[in-house]
$ cat input_18.tsv   # TSV, C-alpha atoms
chain	number	residue	atom	x	y	z
A	29	MET	CA	0.00	0.00	0.00
A	30	LEU	CA	1.13	3.49	-0.82
A	31	ALA	CA	0.46	4.72	2.73
A	32	ASP	CA	2.69	1.96	4.15
A	33	LYS	CA	5.35	2.79	1.64
A	34	LEU	CA	5.32	6.42	2.77
A	35	GLU	CA	5.73	5.29	6.36
A	36	GLN	CA	8.64	3.06	5.37
A	37	TRP	CA	10.33	5.89	3.47
A	38	ALA	CA	9.77	8.34	6.30
A	39	LYS	CA	11.36	5.94	8.76
A	40	GLU	CA	14.31	5.44	6.45
A	41	TYR	CA	14.76	9.21	6.25
A	42	ILE	CA	14.65	9.50	10.03
A	43	ALA	CA	17.26	6.75	10.36
A	44	GLU	CA	19.44	8.45	7.75
A	45	GLY	CA	19.14	11.75	9.59
A	46	ARG	CA	19.87	10.15	12.91
A	47	GLN	CA	23.11	8.71	11.63
A	48	GLU	CA	24.08	12.04	10.14
A	49	GLY	CA	23.22	13.75	13.41
A	50	ARG	CA	25.15	11.29	15.50
A	51	GLN	CA	28.26	11.81	13.42
A	52	GLU	CA	27.89	15.56	13.58
A	53	GLY	CA	27.29	15.42	17.32
A	54	ARG	CA	30.20	13.12	17.92
A	55	GLN	CA	32.57	15.52	16.25
A	56	GLU	CA	31.18	18.37	18.30
A	57	GLY	CA	31.51	16.31	21.47
A	58	GLU	CA	35.15	15.52	20.85
A	59	MET	CA	35.74	19.17	20.12
A	60	LEU	CA	34.19	20.14	23.44
A	61	ALA	CA	36.30	17.57	25.25
A	62	LEU	CA	39.47	18.96	23.67
A	63	GLN	CA	38.52	22.54	24.53
A	64	LYS	CA	37.84	21.49	28.08
A	65	GLN	CA	41.26	19.85	28.42
A	66	LEU	CA	42.96	22.87	26.93
A	67	SER	CA	41.22	25.37	29.16
A	68	ARG	CA	41.96	23.19	32.16
A	69	LYS	CA	45.64	23.42	31.30
A	70	PHE	CA	46.02	26.83	29.75
A	71	GLY	CA	43.04	28.86	30.94
A	72	ALA	CA	41.33	30.95	28.28
A	73	ILE	CA	41.97	29.77	24.72
A	74	PRO	CA	42.53	32.31	21.94
A	75	ALA	CA	39.83	32.57	19.30
A	76	THR	CA	42.25	31.54	16.52
A	77	ILE	CA	42.69	28.16	18.18
A	78	THR	CA	38.99	27.70	18.91
A	79	GLU	CA	38.39	28.32	15.25
A	80	LYS	CA	41.04	25.83	14.24
A	81	ILE	CA	39.42	23.21	16.44
A	82	ALA	CA	35.97	23.92	15.02
A	83	GLN	CA	37.18	23.20	11.50
A	84	ALA	CA	39.24	20.13	12.29
A	85	SER	CA	38.52	16.50	11.43
A	86	PRO	CA	37.96	13.98	14.25
A	87	GLU	CA	41.38	12.45	13.55
A	88	GLN	CA	43.05	15.82	13.92
A	89	ILE	CA	41.25	16.40	17.19
A	90	ASP	CA	42.55	13.07	18.50
A	91	VAL	CA	46.08	14.12	17.62
A	92	TRP	CA	45.74	17.42	19.46
A	93	LEU	CA	44.16	15.73	22.45
A	94	ASP	CA	47.13	13.40	22.50
A	95	ARG	CA	49.59	16.25	22.34
A	96	ALA	CA	47.77	18.20	25.06
A	97	PHE	CA	49.37	15.84	27.58
A	98	ASP	CA	52.90	16.00	26.26
A	99	GLY	CA	53.85	19.06	28.28
A	100	LEU	CA	53.87	21.29	25.22
A	101	SER	CA	52.81	24.91	25.07
A	102	LEU	CA	49.52	25.82	23.42
A	103	GLU	CA	51.37	27.03	20.32
A	104	GLU	CA	53.38	23.83	20.08
A	105	ILE	CA	50.30	21.64	20.28
A	106	PHE	CA	48.73	23.39	17.34
A	107	GLN	CA	51.84	23.75	15.27
B	20	MET	CA	-17.93	-19.94	-2.47
B	21	ALA	CA	-20.55	-22.53	-1.50
B	22	ASP	CA	-17.77	-24.85	-0.29
B	23	LEU	CA	-16.86	-22.39	2.43
B	24	ILE	CA	-20.28	-22.59	4.08
B	25	PRO	CA	-21.30	-25.64	6.13
B	26	THR	CA	-24.22	-27.72	4.95
B	27	VAL	CA	-27.50	-26.41	6.29
B	28	PRO	CA	-30.61	-28.54	6.77
B	29	GLY	CA	-34.04	-28.38	5.20
B	30	LEU	CA	-35.68	-25.27	4.01
B	31	VAL	CA	-32.68	-22.95	4.52
B	32	ARG	CA	-30.58	-24.94	2.09
B	33	GLN	CA	-31.95	-23.08	-0.89
B	34	PHE	CA	-30.61	-19.77	0.48
B	35	LYS	CA	-27.04	-20.93	0.67
B	36	PRO	CA	-25.13	-18.55	-1.59
B	37	SER	CA	-23.29	-19.97	-4.52
B	38	LEU	CA	-20.99	-17.45	-6.14
B	39	ASN	CA	-18.00	-17.48	-8.39
B	40	TYR	CA	-15.20	-15.11	-7.57
B	41	LEU	CA	-11.95	-14.05	-9.05
B	42	LEU	CA	-9.11	-13.29	-6.68
B	43	ILE	CA	-6.53	-10.84	-7.96
B	44	ASP	CA	-3.44	-10.64	-5.84
B	45	GLU	CA	-1.87	-7.30	-6.75
B	46	ASN	CA	1.32	-8.17	-4.92
B	47	ARG	CA	2.08	-10.87	-7.47
B	48	TYR	CA	2.40	-8.41	-10.30
B	49	SER	CA	5.85	-6.99	-10.68
B	50	GLU	CA	6.61	-3.53	-12.00
B	51	ALA	CA	7.92	-5.20	-15.15
B	52	ASP	CA	4.54	-6.95	-15.70
B	53	LEU	CA	2.54	-3.79	-15.18
B	54	ALA	CA	4.66	-1.04	-16.66
B	55	PRO	CA	3.96	-1.81	-20.36
B	56	LEU	CA	0.17	-1.91	-19.79
B	57	GLN	CA	-1.80	1.22	-20.53
B	58	ASN	CA	-4.48	0.12	-18.18
B	59	LEU	CA	-6.04	1.90	-15.21
B	60	VAL	CA	-6.09	-1.12	-12.92
B	61	ALA	CA	-2.42	-1.72	-13.64
B	62	ALA	CA	-1.75	1.95	-12.92
B	63	VAL	CA	-3.53	1.72	-9.56
B	64	PHE	CA	-1.51	-1.38	-8.66
B	65	ARG	CA	1.68	0.46	-9.56
B	66	LEU	CA	0.66	3.44	-7.52
B	67	GLU	CA	0.13	1.19	-4.52
B	68	HIS	CA	3.60	-0.30	-4.86
B	69	PRO	CA	5.90	2.46	-6.05
B	70	ILE	CA	9.59	1.62	-6.36
B	71	ASP	CA	10.65	5.11	-5.37
B	72	GLN	CA	9.25	8.60	-5.13
B	73	ASN	CA	10.16	9.40	-8.68
B	74	SER	CA	8.05	6.53	-9.95
B	75	ILE	CA	5.00	8.13	-8.32
B	76	LYS	CA	5.68	11.35	-10.18
B	77	GLN	CA	6.18	9.52	-13.48
B	78	LEU	CA	3.03	7.51	-13.03
B	79	LEU	CA	0.97	10.62	-12.36
B	80	GLN	CA	2.42	12.13	-15.50
B	81	SER	CA	1.46	9.08	-17.59
B	82	LEU	CA	-2.02	8.94	-16.10
B	83	SER	CA	-2.54	12.58	-16.88
B	84	GLU	CA	-1.58	11.96	-20.50
B	85	TRP	CA	-3.78	8.88	-20.91
B	86	LEU	CA	-6.81	10.47	-19.32
B	87	VAL	CA	-6.64	13.76	-21.10
B	88	ASP	CA	-10.35	13.66	-22.09
B	89	ARG	CA	-11.74	11.94	-18.97
B	90	PRO	CA	-12.24	14.68	-16.36
B	91	ASP	CA	-14.47	12.38	-14.27
B	92	ILE	CA	-11.80	9.72	-13.84
B	93	ARG	CA	-9.08	12.33	-13.36
B	94	ARG	CA	-11.03	13.85	-10.51
B	95	MET	CA	-11.77	10.48	-8.89
B	96	LEU	CA	-8.16	9.41	-9.08
B	97	ALA	CA	-6.97	12.73	-7.72
B	98	ILE	CA	-9.25	12.48	-4.68
B	99	TRP	CA	-8.28	8.87	-4.02
B	100	ILE	CA	-4.53	9.54	-4.35
B	101	ARG	CA	-4.70	12.54	-2.04
B	102	ALA	CA	-6.60	10.50	0.57
B	103	THR	CA	-4.08	7.67	0.30
B	104	LEU	CA	-1.11	9.99	0.69
B	105	MET	CA	-2.67	11.53	3.80
B	106	LYS	CA	-3.80	8.26	5.34
B	107	LYS	CA	-1.11	7.84	8.01
B	108	PRO	CA	-1.25	10.85	10.31
B	109	ASN	CA	2.43	10.72	11.26
B	110	TYR	CA	3.92	9.80	7.93
B	111	GLY	CA	1.46	11.17	5.39
B	112	ILE	CA	1.90	13.95	2.89
B	113	LEU	CA	-0.57	16.75	3.50
B	114	LEU	CA	-2.12	18.18	0.35
B	115	ASN	CA	-4.79	20.80	-0.18
B	116	GLU	CA	-8.09	19.68	-1.63
B	117	VAL	CA	-7.83	18.69	-5.27
B	118	ASN	CA	-10.17	18.37	-8.23
B	119	ASP	CA	-7.84	17.14	-10.91
B	120	LEU	CA	-4.95	14.76	-11.34
B	121	ASP	CA	-2.65	17.53	-12.50
B	122	GLU	CA	-3.15	19.38	-9.23
B	123	VAL	CA	-1.90	16.34	-7.32
B	124	ARG	CA	1.00	16.01	-9.71
B	125	VAL	CA	2.08	19.64	-9.36
B	126	MET	CA	1.63	19.73	-5.59
B	127	LEU	CA	3.52	16.50	-5.13
B	128	ALA	CA	6.44	17.70	-7.23
B	129	ASP	CA	6.92	20.46	-4.65
B	130	LYS	CA	5.99	18.56	-1.54
B	131	LEU	CA	7.80	15.25	-1.87
B	132	GLU	CA	11.25	16.72	-1.43
B	133	GLN	CA	10.19	18.92	1.45
B	134	TRP	CA	8.44	15.96	3.05
B	135	ALA	CA	11.66	13.90	2.90
B	136	LYS	CA	13.74	16.75	4.30
B	137	GLU	CA	11.48	17.11	7.31
B	138	TYR	CA	12.07	13.50	8.32
B	139	ILE	CA	15.81	13.75	7.77
B	140	ALA	CA	15.87	16.87	9.94
B	141	GLU	CA	13.88	15.07	12.61
B	142	GLY	CA	16.45	12.26	12.57
B	143	VAL	CA	19.39	14.65	12.71
B	144	GLU	CA	17.88	16.32	15.74
B	145	GLN	CA	17.47	12.98	17.46
B	146	GLY	CA	20.96	11.86	16.54
B	147	ILE	CA	22.92	14.97	17.33
B	148	GLU	CA	22.34	14.93	21.07
B	149	ARG	CA	23.37	11.31	21.39
B	150	GLY	CA	26.38	12.01	19.19
B	151	ILE	CA	27.60	14.88	21.34
B	152	GLU	CA	27.41	12.66	24.41
B	153	LYS	CA	29.37	9.95	22.62
B	154	GLY	CA	31.94	12.42	21.37
B	155	ILE	CA	32.53	13.98	24.77
B	156	GLU	CA	32.79	10.51	26.24
B	157	LYS	CA	35.38	9.49	23.66
B	158	GLY	CA	37.38	12.68	24.14
B	159	GLU	CA	37.35	12.43	27.92
B	160	MET	CA	38.28	8.78	27.70
B	161	LEU	CA	41.27	9.58	25.53
B	162	ALA	CA	42.25	12.36	27.90
B	163	LEU	CA	42.02	10.08	30.92
B	164	GLN	CA	44.07	7.34	29.26
B	165	LYS	CA	46.66	9.85	28.24
B	166	LEU	CA	46.87	11.36	31.71
B	167	LEU	CA	47.13	7.93	33.36
B	168	ALA	CA	49.91	6.88	30.99
B	169	LYS	CA	51.77	10.12	31.66
B	170	ARG	CA	51.51	9.76	35.41
B	171	PHE	CA	51.71	6.02	36.00
B	172	GLY	CA	53.26	4.50	32.87
B	173	VAL	CA	51.67	1.52	31.12
B	174	ILE	CA	48.03	0.98	32.08
B	175	PRO	CA	46.92	-2.59	32.75
B	176	LEU	CA	44.34	-4.06	30.37
B	177	ASP	CA	41.63	-4.47	32.99
B	178	ILE	CA	41.78	-0.73	33.72
B	179	THR	CA	41.57	0.11	30.01
B	180	ALA	CA	38.50	-2.12	29.78
B	181	GLN	CA	36.99	-0.47	32.85
B	182	ILE	CA	37.45	2.95	31.27
B	183	ALA	CA	35.98	1.83	27.96
B	184	ASN	CA	32.76	0.73	29.68
B	185	ALA	CA	32.41	3.68	32.05
B	186	SER	CA	29.92	6.54	32.01
B	187	LEU	CA	30.98	10.11	31.41
B	188	ASP	CA	30.51	11.03	35.09
B	189	GLN	CA	32.69	8.12	36.12
B	190	ILE	CA	35.41	9.09	33.64
B	191	GLU	CA	35.41	12.69	34.83
B	192	HIS	CA	35.64	11.51	38.43
B	193	TRP	CA	38.64	9.29	37.63
B	194	PHE	CA	40.25	12.14	35.75
B	195	ASP	CA	40.02	14.43	38.78
B	196	GLN	CA	41.43	11.65	40.95
B	197	ALA	CA	44.24	10.95	38.50
B	198	ILE	CA	45.54	14.50	38.79
B	199	ASP	CA	46.43	14.16	42.49
B	200	ALA	CA	46.62	10.43	43.20
B	201	ASP	CA	49.95	8.88	44.21
B	202	ASN	CA	49.40	5.62	42.37
B	203	LEU	CA	47.06	3.97	39.88
B	204	SER	CA	45.11	1.91	42.42
B	205	ASP	CA	44.21	5.08	44.34
B	206	VAL	CA	42.49	6.43	41.23
B	207	PHE	CA	40.29	3.38	40.73
B	208	LYS	CA	39.53	2.47	44.32

$ encode --input "input_18.tsv" --output "structure tokens"
Amino acid sequence: MLADKLEQWAKEYIAEGRQEGRQEGRQEGEMLALQKQLSRKFGAIPATITEKIAQASPEQIDVWLDRAFDGLSLEEIFQ
Amino acid sequence: MADLIPTVPGLVRQFKPSLNYLLIDENRYSEADLAPLQNLVAAVFRLEHPIDQNSIKQLLQSLSEWLVDRPDIRRMLAIWIRATLMKKPNYGILLNEVNDLDEVRVMLADKLEQWAKEYIAEGVEQGIERGIEKGIEKGEMLALQKLLAKRFGVIPLDITAQIANASLDQIEHWFDQAIDADNLSDVFK
């Protein structure tokens, strides 16, 4: 039935959106975690670095998070 | 039909219905069977089992061409299609009242895409919150592992497993502990 088909499609769209949202959210979450670690260590973070973080890939964020514990300065982490 | 009804005694026997019927199972017709037929019943079957949203649009286009001089059927089909599209309150496509097939066709061309986008947006909204939680969890977990390794050297596997299964609150608590603790077991006690 057409009505059932619409329901099926709608549910597929919701699932598709949910996956998209989860990915988007995950990236944002990792970003927040990195910012939190940085501000814990260095206090206020300059806007240039916040911007850099906002545009980074999840892999890049992992790398920075890793470096945040290497006793480097803020500039060195983001070199 | 008569075989389906139990035998009845006496006088009533004469009223037992005896009918012939023809069962048409629309699910057994494939798109390939139906598509070449310029036949209204076939078109209704196809409309009930569309392959994708585009096939609905194409079918409405074909119907409109076939029925160019049948305003009565055009109107009937339009009303039926609109009702079918709106049937499920949560998943239906809302259309204004229609009097002709072309009105459905034109409205649907606009609405289908918007309809899909609304559901995707609904999904994104549901997903994003959960994703942020997961992302923070992953980031905090990495941070905790890193801090533990820095302070206490290699972390035993059972601790790594414990961290991997922990909640965000628990991870944050361990992190705070790890900053001041003298040894690893103090963090996880």

$ interface_residues --input "input_18.tsv" --of "chain B" --to "chain A" --cutoff "7 Å" --atoms "only C-alpha atoms" --output "PyMOL selection string"
chain B and resi 66-68+103-104+106-107+110-111+135+138-155+157-159+162+165-166

$ atom_distance --input "input_18.tsv" --atom1 "CA of Phe70 in chain A" --atom2 "CA of Ala183 in chain B"
27.0 Å

$ residues_around --input "input_18.tsv" --residues "Leu120 in chain B" --least-positions-apart "2" --cutoff "9 Å" --atoms "all atoms listed in the file" --output "PDB file with C-alpha atoms, in the frame of the given file"
ATOM      1  CA  LEU B  79       0.970  10.620 -12.360  1.00  0.00           C
ATOM      2  CA  GLN B  80       2.420  12.130 -15.500  1.00  0.00           C
ATOM      3  CA  LEU B  82      -2.020   8.940 -16.100  1.00  0.00           C
ATOM      4  CA  SER B  83      -2.540  12.580 -16.880  1.00  0.00           C
ATOM      5  CA  PRO B  90     -12.240  14.680 -16.360  1.00  0.00           C
ATOM      6  CA  ILE B  92     -11.800   9.720 -13.840  1.00  0.00           C
ATOM      7  CA  ARG B  93      -9.080  12.330 -13.360  1.00  0.00           C
ATOM      8  CA  ARG B  94     -11.030  13.850 -10.510  1.00  0.00           C
ATOM      9  CA  MET B  95     -11.770  10.480  -8.890  1.00  0.00           C
ATOM     10  CA  LEU B  96      -8.160   9.410  -9.080  1.00  0.00           C
ATOM     11  CA  ALA B  97      -6.970  12.730  -7.720  1.00  0.00           C
ATOM     12  CA  ILE B  98      -9.250  12.480  -4.680  1.00  0.00           C
ATOM     13  CA  ILE B 100      -4.530   9.540  -4.350  1.00  0.00           C
ATOM     14  CA  VAL B 117      -7.830  18.690  -5.270  1.00  0.00           C
ATOM     15  CA  ASN B 118     -10.170  18.370  -8.230  1.00  0.00           C
ATOM     16  CA  GLU B 122      -3.150  19.380  -9.230  1.00  0.00           C
ATOM     17  CA  VAL B 123      -1.900  16.340  -7.320  1.00  0.00           C
ATOM     18  CA  ARG B 124       1.000  16.010  -9.710  1.00  0.00           C
ATOM     19  CA  VAL B 125       2.080  19.640  -9.360  1.00  0.00           C
TER      20      VAL B 125
END

$ axis_aligned_box --input "input_18.tsv" --around "range 187-195 of chain B" --padding-each-side "8 Å" --output "JSON"
{"center_x": 35.4, "center_y": 11.3, "center_z": 35.1, "size_x": 25.7, "size_y": 22.3, "size_z": 23.4}
